[in-house]
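Quick look at my_file-v9.cif (mmCIF, C-alpha atoms):
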data_upload
#
loop_
_atom_site.label_atom_id
_atom_site.label_comp_id
_atom_site.auth_asym_id
_atom_site.auth_seq_id
_atom_site.Cartn_x
_atom_site.Cartn_y
_atom_site.Cartn_z
CA MET A 1 -11.83 -11.95 5.53
CA SER A 2 -9.22 -14.50 6.45
CA ASP A 3 -5.58 -13.95 7.36
CA ASP A 4 -4.73 -15.85 4.16
CA ASP A 5 -6.54 -13.15 2.14
CA LEU A 6 -4.55 -10.37 3.85
CA ASP A 7 -1.33 -12.33 3.38
CA ARG A 8 -2.13 -12.73 -0.32
CA LEU A 9 -2.84 -9.01 -0.67
CA PHE A 10 0.36 -8.11 1.23
CA LEU A 11 2.47 -10.39 -0.97
CA ALA A 12 0.91 -9.02 -4.15
CA GLY A 13 1.61 -5.44 -3.02
CA ALA A 14 5.20 -6.18 -1.96
CA GLU A 15 5.96 -8.15 -5.14
CA THR A 16 4.49 -5.45 -7.40
CA ALA A 17 6.52 -2.79 -5.59
CA ALA A 18 9.71 -4.86 -5.86
CA ARG A 19 9.20 -5.34 -9.62
CA ARG A 20 8.68 -1.60 -10.10
CA LEU A 21 11.73 -0.73 -7.97
CA ALA A 22 13.86 -3.15 -9.98
CA VAL A 23 13.13 -1.05 -13.08
CA ARG A 24 13.75 2.35 -11.51
CA PRO A 25 14.43 3.77 -8.04
CA GLY A 26 11.58 5.44 -6.24
CA LEU A 27 7.96 4.44 -6.37
CA TYR A 28 4.73 6.36 -6.81
CA PRO A 29 1.97 5.14 -4.49
CA PHE A 30 -0.35 2.48 -5.87
CA ALA A 31 -3.18 0.33 -4.58
CA LEU A 32 -4.45 -3.18 -5.03
CA ALA A 33 -7.81 -4.50 -3.91
CA MET A 34 -9.37 -7.90 -3.36
CA THR A 35 -12.90 -8.17 -4.72
CA VAL A 36 -15.64 -10.01 -2.86
CA ASP A 37 -15.00 -13.01 -5.14
CA GLY A 38 -11.25 -13.03 -4.37
CA ARG A 39 -9.81 -11.42 -7.52
CA LEU A 40 -7.00 -8.89 -7.22
CA VAL A 41 -7.58 -5.62 -9.07
CA ALA A 42 -5.86 -2.24 -9.27
CA PRO A 43 -7.83 1.01 -9.33
CA GLY A 44 -7.17 3.41 -12.18
CA ILE A 45 -6.76 7.09 -11.42
CA GLU A 46 -6.23 10.24 -13.47
CA PRO A 47 -4.12 12.74 -11.49
CA GLY A 48 -4.46 15.39 -14.22
CA GLU A 49 -0.77 16.29 -14.27
CA GLU A 50 2.45 14.61 -15.31
CA ARG A 51 4.21 14.54 -11.90
CA PRO A 52 1.50 14.93 -9.24
CA ALA A 53 2.39 15.21 -5.56
CA VAL A 54 2.54 11.88 -3.74
CA GLU A 55 -0.19 13.05 -1.35
CA ARG A 56 -2.49 13.80 -4.30
CA VAL A 57 -1.95 10.32 -5.73
CA GLN A 58 -2.75 8.78 -2.34
CA GLU A 59 -5.96 10.85 -2.07
CA LEU A 60 -7.06 9.80 -5.56
CA LEU A 61 -6.39 6.13 -4.80
CA VAL A 62 -8.47 6.27 -1.61
CA GLU A 63 -11.30 8.07 -3.48
CA ALA A 64 -11.24 5.44 -6.25
CA LEU A 65 -11.36 2.60 -3.72
CA ARG A 66 -14.15 4.22 -1.70
CA ALA A 67 -16.24 4.49 -4.88
CA VAL A 68 -16.24 0.68 -5.27
CA ARG A 69 -15.80 -0.45 -1.66
CA ASP A 70 -19.09 -2.38 -1.64
CA ASP A 71 -17.48 -4.73 -4.20
CA LEU A 72 -14.27 -5.21 -2.17
CA ARG A 73 -13.10 -7.34 0.77
CA ALA A 74 -9.79 -5.62 1.41
CA VAL A 75 -7.29 -3.13 0.01
CA VAL A 76 -3.61 -2.36 0.26
CA LEU A 77 -2.10 1.08 -0.33
CA VAL A 78 1.63 0.90 -1.09
CA SER A 79 4.04 3.82 -0.71
CA ASP A 80 7.79 4.35 -0.81
CA VAL A 81 8.99 5.98 2.43
CA ARG A 82 12.20 6.68 4.30
CA LEU A 83 12.83 5.40 7.83
CA VAL A 84 15.05 7.70 9.88
CA SER A 85 17.33 6.19 12.52
CA GLU A 86 16.95 7.80 15.93
CA ALA A 87 20.59 6.98 16.66
CA ASP A 88 22.33 8.72 13.76
CA GLY A 89 19.62 10.17 11.49
CA ALA A 90 20.52 7.77 8.67
CA GLU A 91 17.70 7.13 6.19
CA THR A 92 16.67 3.69 4.98
CA PRO A 93 14.22 3.27 2.10
CA ALA A 94 11.15 1.19 2.92
CA LEU A 95 7.83 0.09 1.54
CA LEU A 96 4.80 1.11 3.57
CA LEU A 97 1.89 -1.26 3.00
CA GLU A 98 -1.39 -0.14 4.54
CA LEU A 99 -3.71 -3.16 4.62
CA GLU A 100 -7.37 -2.52 5.31
CA PRO A 101 -9.96 -5.29 5.39
CA ARG A 102 -13.64 -4.41 5.18
CA ASP A 103 -14.15 -6.41 8.39
CA GLY A 104 -11.35 -6.56 10.91
CA ASP A 105 -8.50 -4.38 12.01
CA PRO A 106 -6.30 -2.46 9.58
CA VAL A 107 -2.56 -3.15 9.69
CA VAL A 108 0.49 -1.23 8.52
CA VAL A 109 3.51 -3.25 7.41
CA THR A 110 6.85 -1.54 6.88
CA VAL A 111 9.43 -3.37 4.76
CA PRO A 112 12.92 -1.82 4.57
CA TYR A 113 14.79 -2.55 1.36
CA ALA A 114 18.28 -2.32 -0.07
CA PRO A 115 19.08 -1.51 -3.71
CA GLY A 116 18.08 -4.24 -6.09
CA PRO A 117 15.60 -4.21 -4.35
CA GLU A 118 16.37 -6.64 -1.57
CA LEU A 119 13.37 -6.70 0.77
CA GLN A 120 14.22 -7.01 4.44
CA GLN A 121 12.37 -8.10 7.59
CA PRO A 122 8.90 -6.51 7.78
CA THR A 123 7.41 -4.98 10.92
CA ARG A 124 3.70 -4.70 11.72
CA ALA A 125 1.73 -2.04 13.55
CA ALA A 126 -1.91 -1.11 13.98
CA GLY A 127 -3.28 0.78 11.01
CA ARG A 128 -6.08 3.24 10.43
CA ARG A 129 -9.19 3.11 8.29
CA SER A 130 -9.29 5.18 5.12
CA VAL A 131 -11.47 3.28 2.62
CA TRP A 132 -14.04 2.04 5.12
CA ASP A 133 -13.64 5.04 7.42
CA PRO A 134 -16.99 5.69 9.12
CA ALA A 135 -16.41 9.45 8.74
CA GLY A 136 -15.58 9.11 5.03
#
How does this structure look as structure tokens?
Amino acid sequence: MSDDDLDRLFLAGAETAARRLAVRPGLYPFALAMTVDGRLVAPGIEPGEERPAVERVQELLVEALRAVRDDLRAVVLVSDVRLVSEADGAETPALLLELEPRDGDPVVVTVPYAPGPELQQPTRAAGRRSVWDPAG
């Protein structure tokens, strides 16, 4: 897994989220995956209800990705979150992109955005394993 592959997956996740946010505010979690041959795919899930809880959607996405992880190189889980300022408690909407390669270290990228959406400067942090979690 190269950095170019993770960059490609990050850009695909951020661009998909931006397109969805341009249509309507708020964003249900979604996932994209890179197959072993480099194709980008999206897992399909059936939550079983019209407006499932965000946590339930995230669980179903991880389960769907785990079921086919042998065919994947990397995944990105994308969520809409709110960043809270320590100074004044103000909330800023942001995309949370959890990138997980099969081999290598997972990374979390947070991208604040303004209405439109106008994506702002991303920040990176160490992530955690969910699809290739040894315990899962």
Using only the atoms of range 58-61 of chain A listed in the file, plus 5 Å on each side, state the axis-aligned box centre and edge lengths in Å rounded to one decimal, as JSON.
{"center_x": -4.9, "center_y": 8.5, "center_z": -3.8, "size_x": 14.3, "size_y": 14.7, "size_z": 13.5}
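Nearest-residue note for Val78 in chain A: choosing from A:Ala90, A:Leu11, A:Ala31, A:Val109, the minimum distance belongs to A:Ala31, counting only C-alpha atoms.
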**Request:** Tell me which of A:Pro29, A:Arg69, A:Val76, A:Glu118 sits closest to Arg56 in chain A, counting all atoms listed in the file.
**Result:** A:Pro29
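Around Pro122 in chain A, within 7 Å and counting only C-alpha atoms, the residues found are Val109, Thr110, Val111 and Pro112 of chain A, once anything fewer than 4 positions away on its own chain is removed.
When only C-alpha atoms are used to measure the gap to Thr92 in chain A, the shortest distance among A:Ser79, A:Tyr113, A:Gln121, A:Leu27 belongs to A:Tyr113.
Here CA of Glu59 in chain A and CA of Pro93 in chain A stand 22.0 Å from one another.
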What do you get, as a compact mmCIF listing (two decimals) with C-alpha atoms, keeping the file's coordinate frame, if you spell out every residue that the PyMOL selection byres ((chain A and resi 18) around 12) selects here?
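Heads up, here's the output in selection-v7.txt:
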# COMPACT_ATOMS: atom_id res chain seq x y z
CA LEU A 11 2.47 -10.39 -0.97
CA ALA A 12 0.91 -9.02 -4.15
CA GLY A 13 1.61 -5.44 -3.02
CA ALA A 14 5.20 -6.18 -1.96
CA GLU A 15 5.96 -8.15 -5.14
CA THR A 16 4.49 -5.45 -7.40
CA ALA A 17 6.52 -2.79 -5.59
CA ARG A 19 9.20 -5.34 -9.62
CA ARG A 20 8.68 -1.60 -10.10
CA LEU A 21 11.73 -0.73 -7.97
CA ALA A 22 13.86 -3.15 -9.98
CA VAL A 23 13.13 -1.05 -13.08
CA ARG A 24 13.75 2.35 -11.51
CA PRO A 25 14.43 3.77 -8.04
CA GLY A 26 11.58 5.44 -6.24
CA LEU A 27 7.96 4.44 -6.37
CA VAL A 78 1.63 0.90 -1.09
CA SER A 79 4.04 3.82 -0.71
CA ASP A 80 7.79 4.35 -0.81
CA ALA A 94 11.15 1.19 2.92
CA LEU A 95 7.83 0.09 1.54
CA VAL A 111 9.43 -3.37 4.76
CA PRO A 112 12.92 -1.82 4.57
CA TYR A 113 14.79 -2.55 1.36
CA ALA A 114 18.28 -2.32 -0.07
CA PRO A 115 19.08 -1.51 -3.71
CA GLY A 116 18.08 -4.24 -6.09
CA PRO A 117 15.60 -4.21 -4.35
CA GLU A 118 16.37 -6.64 -1.57
CA LEU A 119 13.37 -6.70 0.77
CA GLN A 120 14.22 -7.01 4.44
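Nearest residue to Asp7 in chain A, choosing from A:Met34, A:Ala53, A:Ala125, A:Val81 and counting all atoms listed in the file: A:Met34.
Among A:Asp88, A:Arg129, A:Ala67, A:Tyr28, the residue with the shortest atom-to-atom distance to Pro52 in chain A, counting only C-alpha atoms, is A:Tyr28.
Put simply, the PyMOL selection byres ((chain A and resi 131) around 9) in this file takes in A:Val62, A:Glu63, A:Leu65, A:Arg66, A:Ala67, A:Arg69, A:Val75, A:Glu100, A:Arg102, A:Arg129, A:Ser130, A:Trp132, A:Asp133, A:Pro134, A:Gly136.
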**Request:** Write out as a PyMOL selection string the residues lying within 7 Å of Pro106 in chain A, counting only C-alpha atoms and excluding same-chain residues fewer than 3 positions away.
**Result:** chain A and resi 99-101+126-129
Next, the residues of the selection above should be written as a PDB file, in the frame of the given file with C-alpha atoms.
ATOM      1  CA  LEU A  99      -3.710  -3.160   4.620  1.00  0.00           C
ATOM      2  CA  GLU A 100      -7.370  -2.520   5.310  1.00  0.00           C
ATOM      3  CA  PRO A 101      -9.960  -5.290   5.390  1.00  0.00           C
ATOM      4  CA  ALA A 126      -1.910  -1.110  13.980  1.00  0.00           C
ATOM      5  CA  GLY A 127      -3.280   0.780  11.010  1.00  0.00           C
ATOM      6  CA  ARG A 128      -6.080   3.240  10.430  1.00  0.00           C
ATOM      7  CA  ARG A 129      -9.190   3.110   8.290  1.00  0.00           C
TER       8      ARG A 129
END
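Restricting the calculation to only C-alpha atoms, the smallest distance between Leu6 in chain A and any of A:Gln58, A:Ile45, A:Arg82, A:Ala74 is found for A:Ala74.
Across the model, the gap from CA of Val107 in chain A to CA of Asp5 in chain A is 13.1 Å.
When CA of Leu97 in chain A is paired with CA of Glu49 in chain A, their separation reads 24.8 Å.
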**Item:** Selection as a list of chain:residue names: residues within 10 Å of (-8.5, -0.4, -12.2), counting all atoms listed in the file
**Value:** A:Ala31, A:Leu32, A:Ala33, A:Leu40, A:Val41, A:Ala42, A:Pro43, A:Gly44, A:Ile45, A:Ala64, A:Leu65
**Resolved residues for the PyMOL selection byres ((chain A and resi 71) around 9) as a list in words** = Met34, Thr35, Val36, Asp37, Val68, Arg69, Asp70, Leu72 and Arg73 of chain A
